Amino acid sequence: MRLHLPVLVCLVAALSSAAIPSPRDLWTKLILTQQWPNTFCAMEHCHPNFTYWTLHGLWPDKGNHCNSSWHFNSSEIEDLLPDMRKSWPDLLNPSSVQFWNYEWSKHGTCAAEAASLNSQHKYFSKALELYHKVDLNSILLKLNIIPSSDKYYNFSEIEEGLERFYGVKVKIQCVHPSKNSEPQILGQIEICFDAEFTLHDCGKHFSIDTFSRGLGDHPLGVNNPSGLSVCAHDIPVYYPPTP
């Protein structure tokens with residue numbers, strides 16, 4: 001069968017467009033998510049050995065599990081492992097790589113659709129770079145927002161302080177009280193970046209991960225099966241100290 005040139009050109013163009021993802025389908029925002037270990041471990045009955053905010057993940061705003069055949073390989077990030085263990089630890093199983101495996105499989109494979117993050121080393125090293133760049137631990141200290149067993153914070157103190165420093169809107173998440181008389185508990189903070197890794201408003205979006213894997217009754221007295229959600233503006237915030 002002989003195809004005329006115009007038909008052949010159209011056929012090649014159609015096949016090419018089917019093989020290449022549309023730019024509209026690529027992510028446009030990265031969510032750098034940090035967790036407060038004491039809140040996590042109070043829910044999960046683990047022992048927090050960290051007195052600072054740790055990485056939860058670096059999540060593109062579109063896609064989950066984008067390439068099931070691209071398996072995590074810790075040998076590709078061997079030079080990063082000392083910082084990974086310190087800054088991005090598995091709070092439940094400190095000696096395991098399963099947490100990083102999960103984050104790569106679910107989020108990293110989607111982030112890797114961009115050339116700037118198209119390897120495991122690029123993805124994990126960029127997450128660590130951004131974590132150190134925003135330096136959330138130091139900023140909270142400068143704002144005089146410190147863990148305390150006898151002091152509650154107004155949510156606006158935390159939100160406005162962080163937004164004043166970073167110049168963008170962040171998302172602050174709490175574990176909500178089971179009783180009206182109790183405070184909400186600070187648990188997770190999201191700081192967002194655009195595709196060029198410039199700070200960007202987080203805006204209103206649904207989180208693509210929950211904070212905890214199977215919630216129930218725990219020492220902080222909260223029973224919330226949905227995990228974290230955006231902190232309420234009118235409920236005091238408890239920032240629990242390390243035991």
# chains A, B, ... in the order shown; residues from 1 in each chain; ligands from 1

$ residues_around --residues "Leu136 of chain A" --least-positions-apart "5" --cutoff "10 Å" --atoms "only C-alpha atoms" --output "ChimeraX atom specification"
/A:34,52-54,131,141-142,162,166,189,191

$ write_last_selection --atoms "N, CA and C atoms" --output "mmCIF file, in the first residue's frame"
data_model
loop_
_atom_site.group_PDB
_atom_site.id
_atom_site.type_symbol
_atom_site.label_atom_id
_atom_site.label_comp_id
_atom_site.auth_asym_id
_atom_site.auth_seq_id
_atom_site.Cartn_x
_atom_site.Cartn_y
_atom_site.Cartn_z
ATOM 1 N N GLN A 34 7.211 18.600 55.474
ATOM 2 C CA GLN A 34 8.002 18.274 56.658
ATOM 3 C C GLN A 34 7.069 17.912 57.811
ATOM 4 N N TYR A 52 13.974 17.850 65.748
ATOM 5 C CA TYR A 52 13.830 18.827 64.679
ATOM 6 C C TYR A 52 12.860 18.272 63.640
ATOM 7 N N TRP A 53 12.353 19.181 62.790
ATOM 8 C CA TRP A 53 11.438 18.788 61.725
ATOM 9 C C TRP A 53 12.177 17.954 60.692
ATOM 10 N N THR A 54 11.564 16.864 60.276
ATOM 11 C CA THR A 54 12.185 15.984 59.289
ATOM 12 C C THR A 54 11.357 15.959 58.008
ATOM 13 N N TYR A 131 15.004 21.174 51.429
ATOM 14 C CA TYR A 131 14.812 21.050 52.881
ATOM 15 C C TYR A 131 15.801 21.947 53.628
ATOM 16 N N LEU A 141 12.378 28.826 65.259
ATOM 17 C CA LEU A 141 13.093 29.328 66.433
ATOM 18 C C LEU A 141 13.191 30.848 66.398
ATOM 19 N N LYS A 142 13.487 31.412 65.225
ATOM 20 C CA LYS A 142 13.574 32.863 65.098
ATOM 21 C C LYS A 142 12.240 33.531 65.391
ATOM 22 N N LEU A 162 5.466 32.468 59.298
ATOM 23 C CA LEU A 162 6.113 31.735 58.210
ATOM 24 C C LEU A 162 5.893 32.433 56.871
ATOM 25 N N TYR A 166 8.905 33.615 54.384
ATOM 26 C CA TYR A 166 9.103 32.998 53.077
ATOM 27 C C TYR A 166 8.529 33.828 51.932
ATOM 28 N N ILE A 189 3.985 20.636 57.910
ATOM 29 C CA ILE A 189 4.029 21.920 57.211
ATOM 30 C C ILE A 189 4.481 21.684 55.782
ATOM 31 N N ILE A 191 5.619 23.439 52.173
ATOM 32 C CA ILE A 191 6.163 24.631 51.523
ATOM 33 C C ILE A 191 6.301 24.293 50.046
#

$ atom_distance --atom1 "atom CA of Gly187 of chain A" --atom2 "atom CA of Asp90 of chain A"
15.7 Å

$ atom_distance --atom1 "atom CA of Asp79 of chain A" --atom2 "atom CA of Leu26 of chain A"
29.0 Å

$ residues_around --residues "Pro183 of chain A" --least-positions-apart "4" --cutoff "7 Å" --atoms "only C-alpha atoms" --output "list of chain:residue names"
A:Pro177, A:Ile235, A:Pro236, A:Val237, A:Tyr238

$ select_by_dssp --residues "segment 95-204 of chain A" --states "strand (DSSP E)" --output "JSON, numbers by chain"
{"A": [152, 153, 171, 172, 173, 174, 175, 184, 185, 186, 187, 188, 189, 190, 191, 192, 193, 194, 199, 200]}

$ closest_residue --among "A:Pro89, A:Pro241, A:Pro60, A:Pro48" --to "Ile31 of chain A" --atoms "only C-alpha atoms"
A:Pro60

$ atom_distance --atom1 "atom CA of Thr51 of chain A" --atom2 "atom CA of Glu182 of chain A"
23.9 Å

$ closest_residue --among "A:Leu55, A:Ile172, A:Ala115, A:Leu140" --to "Trp100 of chain A" --atoms "only C-alpha atoms"
A:Leu55
